[in-house]
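Single-structure report; data block below.
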Amino acid sequence: MLIQKFGGTSVGSAERIKHVAELIQDGKRKIVVLSAVAGTTNALTEIVEDLYRGNKVAVEEKVAALTKHYEALVDQLFTSQEPKKEALTALDTHWTHIRSFTLDMFTRFEERTVLAQGELISTMLMQFYLEERGVKSALIPALDFMRIDQQSEPDMWYVQSNLERILKEQKGIDLFITQGYICRNHFGDIDNLKRGGSDYTASIIGAAMKADRVQIWTDIDGMHNNDPRVVKHTRPIRKLTFDEAAELAYFGAKILHPTSIQPARKAGIPVELKNTMEPEKLGTEISDEASGDFIKAVAAKDGITAIKIRSDRMLLAYGFLRKVFEVFERHRVPIDMITTSEVAVSLTIDSTERLDQLLEDLREYAQVEVERDQTIVCIVGHLLQEEEGHAARIFGALSNIPLRMISYGGSKNNVSILIDSSWKAEALKALNRGLFDLEA
Ligand code: ADP
Ligand code: ASP
Ligand code: MG
């Protein structure tokens with residue numbers, strides 16, 4: 001069994017949907033996971049904001065724009081009138097559903113229902129298209145098997161038993177289409193796996209089905225050594241370990257949702273990153289096998305807040321760090337980076353949701369300073385500490401950039417450096433030249 005996930009740009013137009021429909025017809029038994037058509041989840045997010053504000057006019061306008069966009073797409077996708085009509089009727093029910101939320105209270109429950117429409121629509125269109133082309137396939141609704149528990153972790157037993165049952169019911173079919181991103185929570189309500197979550201869906205399904213491999217098809221030929229949105233000359237990495245890929249995804253390489261490879265990794269299933277537009281390119285293979293260069297890639301994560309905690313009581317005292325960490329635990333705020341000296345500890349967080357309460361509690365023990373708009377630059381590879389000279393190359397490359405915090409030795413796979421966000425582009429370019437001998 002193969003799991004193939006196609007992202008928003010891969011199904012971003014009628015042409016692209018047709019192209020994916022060709023790609024997935026190679027006779028292999030598979031589950032195809034689709035994202036929403038590019039731009040749709042963003043549009044739905046804006047509609048959600050208008051619904052919270054009770055701005056009916058804005059909702060109407062945005063739904064009208066979506067309707068127009070999809071009418072053109074349907075027109076180009078189908079050749080015969082019957083499926084065209086069927087698709088338009090189905091689309092109408094989605095738009096009516098969204099509009100209906102202007103009439104009543106709008107809460108988190110309705111929000112998630114609105115956000116789910118993008119994937120429900122893209123998979124409906126693909127299934128109708130495959131039917132028009134006479135391809136034997138079945139649409140299996142993710143809301144019938146994908147579920148997260150109280151801790152927002154995938155409920156693997158539920159996913160596995162329901163998927164197995166659903167696939168068994170579809171006798172003689174080898175091509176299954178399903179929605180990425182959307183799921184049910186432990187109440188049974190519609191929920192989602194957070195932005196970019198279709199990658200996670202594919203990995204969860206892969207683990208549940210003990211698939212041979214999970215393929216993430218996107219608009220670039222695999223994980224690159226640097227962020228292509230910031231640096232011009234980047235190159236694909238042929239092989240990564242799960243640890244390296246996880247660090248890169250967590251520290252900003254948008255090609256992968258941060259937690260997406262965990263289920264595949266636990267189940268020992270290789271993950272491949274492939275380019276939908278250039279399927280012949282090798283892409284990146286993520287597995288347990290270490291290989292290649294010691295320093296493989298850099299990534300950057302924005303929106304970081306640094307907190308400096310200083311107390312004379314920390315000098316020669318034990319138990320101080322425990323108290324500090326307890327505050328973070330109480331507020332359920334995860335820490336990304338940490339450095340300590342004899343009288344101070346600095347750490348970073350990426351969510352400011354509970355910041356005010358957190359700071360109030362910390363100020364009971366210490367003086368606290370906060371710096372916002374920080375970026376973590378993460379240099380990823382394997383066994384960095386066992387070869388000499390890596391640190392010198394990294395810091396040599398960054399010699400003109402003010403470094404706020406440095407974390408080295410915490411993991412075999414990464415060196416993390418905190419800088420002010422205004423230095424991010426310059427830092428990534430300097431590392432491209434200094435570590436990879438590439439133009440910036
Ligand atoms: P999809 O819609 O297919 O899920 P995403 O936009 O989520 O695609 O991810 C692909 C994008 O990730 C690429 O177009 C690229 O701009 C961005 N990206 C950021 N960092 C990297 C990296 N290190 N390697 C490859 N792509 C990256
Ligand atoms: N459609 C969702 C998003 O845009 C999920 C995904 O594409 O992975 O975030
Ligand atoms: Mg994505």
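Letters for chains follow the order of the structure tokens (A, B, ...), residue numbers begin at 1 for each chain, and ligand numbers begin at 1 in the order shown.
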
Please tabulate, as a Markdown table, the residues of chain A that come within 10 Å of ligand 3, each with its closest pair of atoms and the distance in Å to one decimal, counting only C-alpha atoms and all ligand atoms and ordering rows by chain, then residue number upward.
| residue | atom | partner | partner_atom_place_in_ligand_line | distance |
| --- | --- | --- | --- | --- |
| A:Lys5 | CA | ligand 3 | 1 (Mg) | 9.9 |
| A:Phe6 | CA | ligand 3 | 1 (Mg) | 9.0 |
| A:Gly7 | CA | ligand 3 | 1 (Mg) | 6.0 |
| A:Gly8 | CA | ligand 3 | 1 (Mg) | 7.4 |
| A:Thr9 | CA | ligand 3 | 1 (Mg) | 9.3 |
| A:Ser35 | CA | ligand 3 | 1 (Mg) | 8.4 |
| A:Arg195 | CA | ligand 3 | 1 (Mg) | 7.7 |
| A:Gly196 | CA | ligand 3 | 1 (Mg) | 4.3 |
| A:Gly197 | CA | ligand 3 | 1 (Mg) | 7.1 |
| A:Ser198 | CA | ligand 3 | 1 (Mg) | 7.0 |
| A:Asp199 | CA | ligand 3 | 1 (Mg) | 6.6 |
| A:Tyr200 | CA | ligand 3 | 1 (Mg) | 9.6 |
| A:Ile216 | CA | ligand 3 | 1 (Mg) | 9.0 |
| A:Trp217 | CA | ligand 3 | 1 (Mg) | 9.5 |
| A:Thr218 | CA | ligand 3 | 1 (Mg) | 7.7 |
| A:Asp219 | CA | ligand 3 | 1 (Mg) | 9.6 |
| A:Ala253 | CA | ligand 3 | 1 (Mg) | 9.8 |
| A:Lys254 | CA | ligand 3 | 1 (Mg) | 6.4 |
| A:Ile255 | CA | ligand 3 | 1 (Mg) | 5.5 |
| A:Leu256 | CA | ligand 3 | 1 (Mg) | 6.0 |
| A:His257 | CA | ligand 3 | 1 (Mg) | 6.2 |
| A:Pro258 | CA | ligand 3 | 1 (Mg) | 9.9 |

Query raised in the report: Per DSSP on the backbone, what are the strand (DSSP E or B) residues of segment 180-289 of chain A, as a list in words?
Result: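 Answer for segment 180-289 of chain A restricted to strand (DSSP E or B) is Ile182, Cys183, Arg184, Ile190, Asp191, Asn192, Arg213, Val214, Gln215, Ile216, Trp217, Thr218, His224, Pro236, Lys239, Leu240, Thr241, Val271, Glu272, Leu273, Lys274, Asn275, Thr284, Glu285, Ile286 and Ser287 of chain A.
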
Query raised in the report: So which bits of segment 150-381 of chain A end up helix (DSSP H, G or I) when you DSSP the backbone, as a ChimeraX atom specification?
Result: /A:156-169,198-208,242-250,262-266,312-314,320-330,355-362

Report task. Would you mind listing what lies within 10 Å of segment 41-43 of chain A as a PyMOL selection string, with only C-alpha atoms counted and same-chain residues fewer than 2 positions away left out? Result -> chain A and resi 8+35-39+45-48+62-63+65-66+114-119+195-196

Report task. Go ahead and compute the interatomic distance for atom CA of Ala21 of chain A and atom CA of Ile190 of chain A, in Å to one decimal. Result ->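 Computed distance, atom CA of Ala21 of chain A to atom CA of Ile190 of chain A, equals 27.5 Å.
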
Query raised in the report: Skipping near chain neighbours, those fewer than 6 positions away, what residues fall within 10 Å of segment 73-88 of chain A using only C-alpha atoms, listed as an MDAnalysis selection string?
Result: chainID A and resid 12:18 67 94 121 124:126 128:129 131:133

Mind writing the picked residues with N, CA and C atoms as an mmCIF file, in the first residue's frame?
data_model
loop_
_atom_site.group_PDB
_atom_site.id
_atom_site.type_symbol
_atom_site.label_atom_id
_atom_site.label_comp_id
_atom_site.auth_asym_id
_atom_site.auth_seq_id
_atom_site.Cartn_x
_atom_site.Cartn_y
_atom_site.Cartn_z
ATOM 1 N N GLY A 12 -4.001 23.009 -7.627
ATOM 2 C CA GLY A 12 -4.369 24.426 -7.634
ATOM 3 C C GLY A 12 -5.178 24.908 -8.819
ATOM 4 N N SER A 13 -5.313 24.097 -9.864
ATOM 5 C CA SER A 13 -6.091 24.504 -11.044
ATOM 6 C C SER A 13 -6.632 23.244 -11.722
ATOM 7 N N ALA A 14 -7.501 23.441 -12.725
ATOM 8 C CA ALA A 14 -8.056 22.290 -13.453
ATOM 9 C C ALA A 14 -6.914 21.488 -14.089
ATOM 10 N N GLU A 15 -5.958 22.195 -14.679
ATOM 11 C CA GLU A 15 -4.807 21.536 -15.320
ATOM 12 C C GLU A 15 -4.069 20.651 -14.324
ATOM 13 N N ARG A 16 -3.822 21.211 -13.148
ATOM 14 C CA ARG A 16 -3.058 20.488 -12.123
ATOM 15 C C ARG A 16 -3.840 19.274 -11.616
ATOM 16 N N ILE A 17 -5.152 19.428 -11.454
ATOM 17 C CA ILE A 17 -5.966 18.294 -10.980
ATOM 18 C C ILE A 17 -5.881 17.159 -12.015
ATOM 19 N N LYS A 18 -5.949 17.530 -13.298
ATOM 20 C CA LYS A 18 -5.851 16.511 -14.361
ATOM 21 C C LYS A 18 -4.499 15.812 -14.310
ATOM 22 N N THR A 67 -17.154 31.194 -5.324
ATOM 23 C CA THR A 67 -18.089 30.580 -6.272
ATOM 24 C C THR A 67 -17.588 30.800 -7.697
ATOM 25 N N HIS A 94 -22.027 23.416 -0.477
ATOM 26 C CA HIS A 94 -20.938 23.905 0.385
ATOM 27 C C HIS A 94 -21.090 25.407 0.654
ATOM 28 N N ILE A 121 -14.212 19.913 -0.752
ATOM 29 C CA ILE A 121 -14.447 20.308 -2.147
ATOM 30 C C ILE A 121 -13.390 19.709 -3.089
ATOM 31 N N MET A 124 -13.960 16.032 -3.635
ATOM 32 C CA MET A 124 -15.190 15.799 -4.401
ATOM 33 C C MET A 124 -14.908 16.002 -5.889
ATOM 34 N N LEU A 125 -14.176 17.085 -6.210
ATOM 35 C CA LEU A 125 -13.876 17.378 -7.618
ATOM 36 C C LEU A 125 -13.002 16.285 -8.226
ATOM 37 N N MET A 126 -11.997 15.836 -7.486
ATOM 38 C CA MET A 126 -11.118 14.780 -8.010
ATOM 39 C C MET A 126 -11.915 13.500 -8.270
ATOM 40 N N PHE A 128 -15.152 13.128 -8.877
ATOM 41 C CA PHE A 128 -16.020 13.318 -10.054
ATOM 42 C C PHE A 128 -15.205 13.251 -11.346
ATOM 43 N N TYR A 129 -14.008 13.838 -11.307
ATOM 44 C CA TYR A 129 -13.168 13.842 -12.506
ATOM 45 C C TYR A 129 -12.743 12.407 -12.858
ATOM 46 N N GLU A 131 -14.266 9.722 -12.090
ATOM 47 C CA GLU A 131 -15.461 9.020 -12.578
ATOM 48 C C GLU A 131 -15.725 9.369 -14.035
ATOM 49 N N GLU A 132 -15.599 10.648 -14.366
ATOM 50 C CA GLU A 132 -15.828 11.061 -15.760
ATOM 51 C C GLU A 132 -14.877 10.345 -16.707
ATOM 52 N N ARG A 133 -13.628 10.142 -16.220
ATOM 53 C CA ARG A 133 -12.625 9.483 -17.051
ATOM 54 C C ARG A 133 -12.746 7.961 -17.002
#

**Report entry** Which residue of A:Ile140, A:Ile182, A:Ile338, A:Leu163 approaches ligand 2 most closely, using only C-alpha atoms and all ligand atoms
**Finding:**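 Of A:Ile140, A:Ile182, A:Ile338, A:Leu163, the one nearest ligand 2, counting only C-alpha atoms and all ligand atoms, is A:Ile182.
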